[in-house]
Structures are given as C-alpha cells and as structure tokens.
Amino acid sequence: MKQVIGVGIVGTGLAFQAIHACRLASMTADFAVRAVWDPDCGRADAAGQWLGARVATDCEDLFADPDVDVVVLASPARFHAEQAIAAINAGKRAVLVEKPLCATPEEADAIARAALERGVALLVGAMHLHDPAWLASEALLEDNSFAPAMVRSSIILPPNARFEEWSTEPLLPVAAQPTARTFAPADLIRLCVLELAIHDLPMVRRLLPPGVEPRVVSARLRQPFGYAISLVAGDVLVDLTCTVHGHWQTDWTLEAVGPAGRLKLDFTPSFVDAGSGSMTWQDKQGLRGHASSDENGYYGQWQAIAAMLRAERALPDPFAAAGDFRFAHAIAEQASELIAAEAFA
Amino acid sequence: MTIAVTLGGERFERGLGLVASLPRTLRLSQDPFKAPADLVLVDGGAEWTDRAAVAIEAGIRTVVVLDPTPADPTSLADAADALGARVATVCSLTDLASLGPLRARLDDGFSEFVLDGSTDGRLDDLLFSHLRLLQSLGIEDLQMHAVARSGDAYIIEGTGRLGSTSRRLRLTGARGPGSARTCLVGHAVGATARLVWQAGTEARPAKVSFADADGLLVLPAIHEGGRRHGLRSILAGSDAAQDHAHLRQLRCLSDLFHSLLHNSR
C-alpha cells in the first residue's frame, strides 16, 4: 500500500481553495492535507476545520511538522523566497510554489541553490506546463530541431472572479481586490506579466533557442484589462497578448509557427476542472495531435510530485524554474520600462 | 448575355476555374486581341498594372485583377477613366461574402482588431492581404509600424479609423506549413468578434462568430469563394468610379506595405 503524502499549506486564500484543495480532495490515495497556516487566523481556522488539518501557529511551525512532506506556498510572491528556503532547510521533500516563483532573479537563484543542495523537488504552479497537451508537445519536439519564427501566446478570458465562483465558495468573505486603476501603468504591466503572461512563459521559453535573452520591443496595456507585448529572442518574434473582457468566452492559445511546422495548443482556463488542453502539430508529414483528456495540469503537477517523492520520477532541475522566472522577470521589467518611458515622453 | 473572357498573367490558371464557375455568363476567349473580349481577367502578380493597361488600351472595357500585389495603379485608373474602361480587383480573402455581415456588427465598442496569420507562400503576400482585409472592413487612415520583423515573421502595430472612432490594430504573420490562414479577432469590453479563414480552396467558408453576454452567434457558412463573390459583384454593378477609387487606394496601401517592409523600430 502506498504511503499517503502529507501536505502543508501556506496561504489558504481562493487560489488554494479553488485549485489545490479541490484537486487534493480527489487524490486521497496519494495526498492528505496535514497542516495549514495563513496570517488571517480566521481563514486558517476555517481551512483547518474544512480539511481536518492542524492549524499551525506560524510558517516555521508548519515546516517543522514531521507529517508534512510537501509544502504549498500560496502566499504573496514577496514572501516566497524566505518561505521556500525555510521549507527546504526544514527538510521538506517538495515545495510547490504558486507562480511567480519569487520577486527577484537573485531570490530565484537562492531558492534553486537551496533545492539543489538539499535534493528537494521544486515546482512552480504553472498548470499548463503540466497539461497533457503540452507534455505531448514536448514529446513531439524533444529532438529540439523545430525552430519557430513566431511564438504567439493569446489569452482571452472573463475576469478571474467568475472562475473562482465556478470552482469554489470563499470560506470567509473576500476583501475587495485592487482594481487595474489602482496601479500606475508601468506597475500594472509588470503585474500582467508576472501574474498572467507567466502561465505561458515557461512554455514560450522552451520553444526558443536555448540561452537567448528576451528583448521587449513593444508593450502596452489593453482596456479594460490586458496587455500586448512584443519581444525578440534570437531570431524568433514573440507575441504576448491578453484581454480580460466582460463576457463569458474563453480562448487561450499558444502557437509556434516556423517553416518546418506549426504547433498549436488550446488550453482550458485556470481554476476550473475543465480537462486538459488540446494540441495539433502540422508539418510536411501531415497533422498529429493530442485530443482533450480528462485531467488538466493541476492534476498533472500533483501526480508529478507523487511520482518524484516515490522515486518513480527524477526531480526537476530547480535552475530550470529559476531560469523561467528570470525570463519572465526580464520581460516584466523591460515592458515596465517601455511603458514608463512612453508616459514620460 | 455571354461575356468573352481572356486571362492574362503568369498564373492565369487560377482564373480558369473562376470562369468555369459562371458558364452562363462567361466564356473563354483565347485571343482577345483577334476577337476582342468584353472582359479580361488579369492575375495580380508582378507588373499587373502593365498588363491591365495593355488590355484597356486594346479596347477591353472591363479588366478584373485577381489578388493584386502591391503596385501604384494611379496611372492605370487615370487611363481607365479617360478611355471609359473599368478596372476592378477581386481577392480571395477580402471579397469574402461573410465580410459584409461581419462589418455590419463592428460597432464603436470594438477598440482593437488583431490579425494573426501564417502561410507557406510569400510572407509579403500575407501582409498585403491583411492590410487589404483591414481596408475591406472599412478601416481607414492606417497608421502602422513594424514592431519586429525577421525573414519569416512580423509583428506590426498601429491604428486605423472605423467610422469616426480610432481603433488599435495588431498584425502578426509567420511562414509555416499549409496554405495561408488568417484569424481576425475584434476586441470589445462586452464582445469578441472572430473570423477564421484558410486559403487553398476557393469555396472554403470563413468562420465568423460573435460572443457577447447573450451567447455565441455564428454566422452561416457561405460556400462561395471571395474571388467568385467579388467577380459576381462586379458583373452585377457598374460603378467604375468606386472601383477606380479603390484602385487609387491601393497605392496608399502599397506605400504603407513598402514602408512596413523597410522600416522597423
């Protein structure tokens, strides 16, 4: 019989409720939530009561819990580095950090170094990276011979709140969230990249030639919320766009086109359990693909963690996660600088 | 009425099926200069303006150019006016029958239009067809610049005016396998308009849809190709002035096209 893996949760807000708690509830043969912590005591108590988990007095208490094998960091990104390194140093076997990994490239490297030294599985909660459609794409393109001329990430979504409502109900009333108008444009585009575009950026990075640095050549915000960012990476043009509109239709695609082939992925939205994305690959040999399957990347990342902790799968290179963050951070900073410069002009 | 037709240009074969699809109206005449044709179809490849000019100077009253490439047809339009001839253009993408219903729904709420495309042919042809599509949607005063460009891809941004409102425009294109394909998305706060089209066969319909708070409206598939639809419109009408105005606009579009090719920031 397999040993159940203990999970500890830092941050019991809507992302944890809607995403991890619901998936873990259907994976009880593999996982059990053992401890929770949240700076909001009321929310922590409610989550502990709901999940039958111990409410830790603080992060350190949670990390020291011997029943906790895996820590989920669903806290704000500015706390991730300190919390991730503390969890790693406390001997946890895996740390799943909700995107973004942290706040600075230096922090990303520090987390990666700690994970490497301690042999800890470090994963970032970018669910499309674990989506079966993407995994099928990676298998198809594993020889790295495909050189796209253009990579397009297009995200068209209703507001997040709608998906949260479709997937959970808040344990406690949710405080009003800041609106786009709260932020200066240069800060807002940074937020757009690190909170929204970052879903696809690890995949975009894997479609680019290894080691190329992104150079943002154009960036703007879209109304009512969204972005349009263009960058050049080596010989590849990258088109990153997002529109969060006021109606219901979702359209989330990642496309890579080059003379040798065309890869297209249609992804399901965040929060809800809408199954996997789908993929088509077209080249001179014809068309191949991956049809939508039942489990999305949220399940995929938890299945990966279970396999890693049972030594059925190699641990990921933590510096890949750090590299993904560096890539996203560079785009965010350059886009922010462009917008700030335009505002100044 | 039977109209004699001849075909000019290096790729004249593309017009043969078009002529054959209108057998009661059009009959092929192999040599228009021995037995003058009423209408000449000219392929829009390189130097199409010269071929069209030769035709109208030979007394042809109507010249229809298939998928014109960038050119300055100003003197051709002037010559056609002077000779009482008519020169019109048809395009597989920009004369799609479904563009009319699409255009009718693009109200002031649509603040941005995005055109993404790929082609296994010439990338320049894709870009020009995208510029023409914007024009066909009624978007004027195009102010555009190349954000990034390589030998196999482009990203272009700008603005254009539709009605009295300025709209954002974003065009991306890349060389890839398969026949040319284009996806147009119009963004509004409360709606998304979408046109998806793939070249390769004349009568493959564009998929046109609108999503808003009420649901998804999918316009009926129209299995008449853009060239045939455009040609029938020309045969049904006689507004040479409008045709020549469009012809003159091609110069502006061609100038824009060339500036986008040579200037990227």
# chains A, B, ... in the order shown; residues from 1 in each chain; ligands from 1
>>> residues_around(residues="stretch 318-325 of chain A", least_positions_apart="6", cutoff="10 Å", atoms="only C-alpha atoms", output="ChimeraX atom specification")
/A:99-116,119-124,194,198,201-206,211,331
>>> interface_residues(of="chain B", to="chain A", cutoff="6 Å", atoms="only C-alpha atoms", output="list in words")
Asp152, Ala153, Arg175, Gly176, Pro177, Val189, Gly190, Asp212 and Ala213 of chain B
>>> residues_around(residues="stretch 68-82 of chain A", least_positions_apart="4", cutoff="6 Å", atoms="only C-alpha atoms", output="list of chain:residue names")
A:Gly6, A:Val7, A:Gly8, A:Ile9, A:Val10, A:Gly11, A:Lys92, A:Arg93, A:Ala94, A:Val95, A:Leu96, A:Val97, A:Glu98, A:Cys102, A:Ala103, A:Glu107
>>> atom_distance(atom1="atom CA of A:Glu142", atom2="atom CA of B:Ser179")
25.9 Å
>>> residues_around(residues="B:Cys91", least_positions_apart="3", cutoff="8 Å", atoms="only C-alpha atoms", output="JSON list (two decimals) with C-alpha atoms, in the first residue's frame")
[["chain", "number", "residue", "atom", "x", "y", "z"],
["B", 66, "LEU", "CA", -7.18, 38.69, -59.31],
["B", 67, "ASP", "CA", -5.40, 39.09, -55.96],
["B", 68, "PRO", "CA", -3.35, 42.18, -56.83],
["B", 94, "THR", "CA", -11.01, 40.48, -48.90],
["B", 95, "ASP", "CA", -14.03, 39.74, -51.09],
["B", 226, "GLY", "CA", -14.07, 35.51, -52.36],
["B", 227, "ARG", "CA", -12.95, 35.74, -55.99],
["B", 230, "GLY", "CA", -16.22, 39.65, -55.90]]
>>> residues_around(residues="B:Val185", least_positions_apart="4", cutoff="8 Å", atoms="only C-alpha atoms", output="ChimeraX atom specification")
/B:113-115,192-195
>>> select_by_dssp(residues="stretch 4-199 of chain B", states="strand (DSSP E)", output="ChimeraX atom specification")
/B:4-8,26-28,39-43,62-66,86-90,110-119,139-150,153-162,165-175,181-188,191-198
>>> write_last_selection(atoms="C-alpha atoms", output="mmCIF file, in the first residue's frame")
data_model
loop_
_atom_site.group_PDB
_atom_site.id
_atom_site.type_symbol
_atom_site.label_atom_id
_atom_site.label_comp_id
_atom_site.auth_asym_id
_atom_site.auth_seq_id
_atom_site.Cartn_x
_atom_site.Cartn_y
_atom_site.Cartn_z
ATOM 1 C CA ALA B 4 -15.984 36.741 -73.675
ATOM 2 C CA VAL B 5 -13.135 36.366 -71.255
ATOM 3 C CA THR B 6 -9.433 36.089 -71.625
ATOM 4 C CA LEU B 7 -6.834 35.560 -68.974
ATOM 5 C CA GLY B 8 -3.516 37.279 -68.628
ATOM 6 C CA LEU B 26 -18.624 33.927 -69.009
ATOM 7 C CA ARG B 27 -16.996 32.117 -71.917
ATOM 8 C CA LEU B 28 -13.301 31.887 -72.508
ATOM 9 C CA LEU B 39 -13.716 41.298 -70.007
ATOM 10 C CA VAL B 40 -10.142 40.370 -69.220
ATOM 11 C CA LEU B 41 -9.053 38.665 -66.052
ATOM 12 C CA VAL B 42 -5.519 39.583 -65.092
ATOM 13 C CA ASP B 43 -3.511 37.771 -62.496
ATOM 14 C CA THR B 62 -13.625 45.686 -68.219
ATOM 15 C CA VAL B 63 -10.479 44.383 -66.585
ATOM 16 C CA VAL B 64 -10.640 42.401 -63.369
ATOM 17 C CA VAL B 65 -7.405 41.821 -61.455
ATOM 18 C CA LEU B 66 -7.176 38.688 -59.311
ATOM 19 C CA ARG B 86 -13.390 49.802 -65.905
ATOM 20 C CA VAL B 87 -10.638 48.186 -63.832
ATOM 21 C CA ALA B 88 -11.613 46.355 -60.671
ATOM 22 C CA THR B 89 -9.929 43.926 -58.311
ATOM 23 C CA VAL B 90 -11.070 40.752 -56.561
ATOM 24 C CA PHE B 110 -14.600 47.236 -30.781
ATOM 25 C CA SER B 111 -11.465 49.067 -29.799
ATOM 26 C CA GLU B 112 -8.851 46.681 -31.179
ATOM 27 C CA PHE B 113 -8.501 44.326 -34.110
ATOM 28 C CA VAL B 114 -5.859 41.620 -34.229
ATOM 29 C CA LEU B 115 -4.924 39.728 -37.376
ATOM 30 C CA ASP B 116 -2.770 36.648 -36.949
ATOM 31 C CA GLY B 117 -1.721 34.676 -39.995
ATOM 32 C CA SER B 118 0.640 32.125 -41.392
ATOM 33 C CA THR B 119 1.468 30.980 -44.889
ATOM 34 C CA ILE B 139 -10.834 50.723 -41.612
ATOM 35 C CA GLU B 140 -9.203 53.862 -42.996
ATOM 36 C CA ASP B 141 -6.280 56.159 -42.221
ATOM 37 C CA LEU B 142 -3.991 53.277 -41.387
ATOM 38 C CA GLN B 143 -1.006 54.424 -39.340
ATOM 39 C CA MET B 144 1.199 51.420 -38.791
ATOM 40 C CA HIS B 145 4.746 50.498 -37.992
ATOM 41 C CA ALA B 146 6.692 47.255 -37.846
ATOM 42 C CA VAL B 147 7.387 46.446 -34.218
ATOM 43 C CA ALA B 148 9.570 43.492 -35.142
ATOM 44 C CA ARG B 149 10.385 41.729 -38.364
ATOM 45 C CA SER B 150 12.509 38.812 -39.483
ATOM 46 C CA ALA B 153 7.760 36.621 -39.292
ATOM 47 C CA TYR B 154 6.438 40.072 -38.493
ATOM 48 C CA ILE B 155 4.635 41.934 -35.743
ATOM 49 C CA ILE B 156 3.012 45.202 -36.790
ATOM 50 C CA GLU B 157 1.065 47.669 -34.698
ATOM 51 C CA GLY B 158 -0.863 50.795 -35.403
ATOM 52 C CA THR B 159 -4.193 52.494 -35.532
ATOM 53 C CA GLY B 160 -6.939 52.991 -38.065
ATOM 54 C CA ARG B 161 -10.280 54.707 -38.148
ATOM 55 C CA LEU B 162 -13.517 52.805 -38.441
ATOM 56 C CA THR B 165 -13.535 56.046 -33.991
ATOM 57 C CA SER B 166 -9.847 55.233 -33.886
ATOM 58 C CA ARG B 167 -9.050 51.559 -33.334
ATOM 59 C CA ARG B 168 -5.925 49.748 -32.313
ATOM 60 C CA LEU B 169 -4.553 47.306 -34.885
ATOM 61 C CA ARG B 170 -2.110 44.444 -34.411
ATOM 62 C CA LEU B 171 -0.906 42.211 -37.220
ATOM 63 C CA THR B 172 1.285 39.157 -36.846
ATOM 64 C CA GLY B 173 2.390 36.762 -39.549
ATOM 65 C CA ALA B 174 4.785 33.878 -39.921
ATOM 66 C CA ARG B 175 5.896 31.404 -42.520
ATOM 67 C CA ARG B 181 -4.579 31.118 -42.852
ATOM 68 C CA THR B 182 -5.836 34.211 -41.143
ATOM 69 C CA CYS B 183 -7.555 34.764 -37.836
ATOM 70 C CA LEU B 184 -9.129 38.134 -37.150
ATOM 71 C CA VAL B 185 -10.221 38.928 -33.599
ATOM 72 C CA GLY B 186 -12.072 42.097 -32.686
ATOM 73 C CA HIS B 187 -11.933 43.013 -29.011
ATOM 74 C CA ALA B 188 -14.646 44.947 -27.210
ATOM 75 C CA ALA B 191 -17.896 41.191 -27.056
ATOM 76 C CA THR B 192 -15.377 39.319 -29.140
ATOM 77 C CA ALA B 193 -15.705 39.105 -32.927
ATOM 78 C CA ARG B 194 -13.826 36.411 -34.763
ATOM 79 C CA LEU B 195 -13.155 35.490 -38.376
ATOM 80 C CA VAL B 196 -11.112 32.409 -39.191
ATOM 81 C CA TRP B 197 -10.228 31.710 -42.792
ATOM 82 C CA GLN B 198 -7.933 29.329 -44.594
#
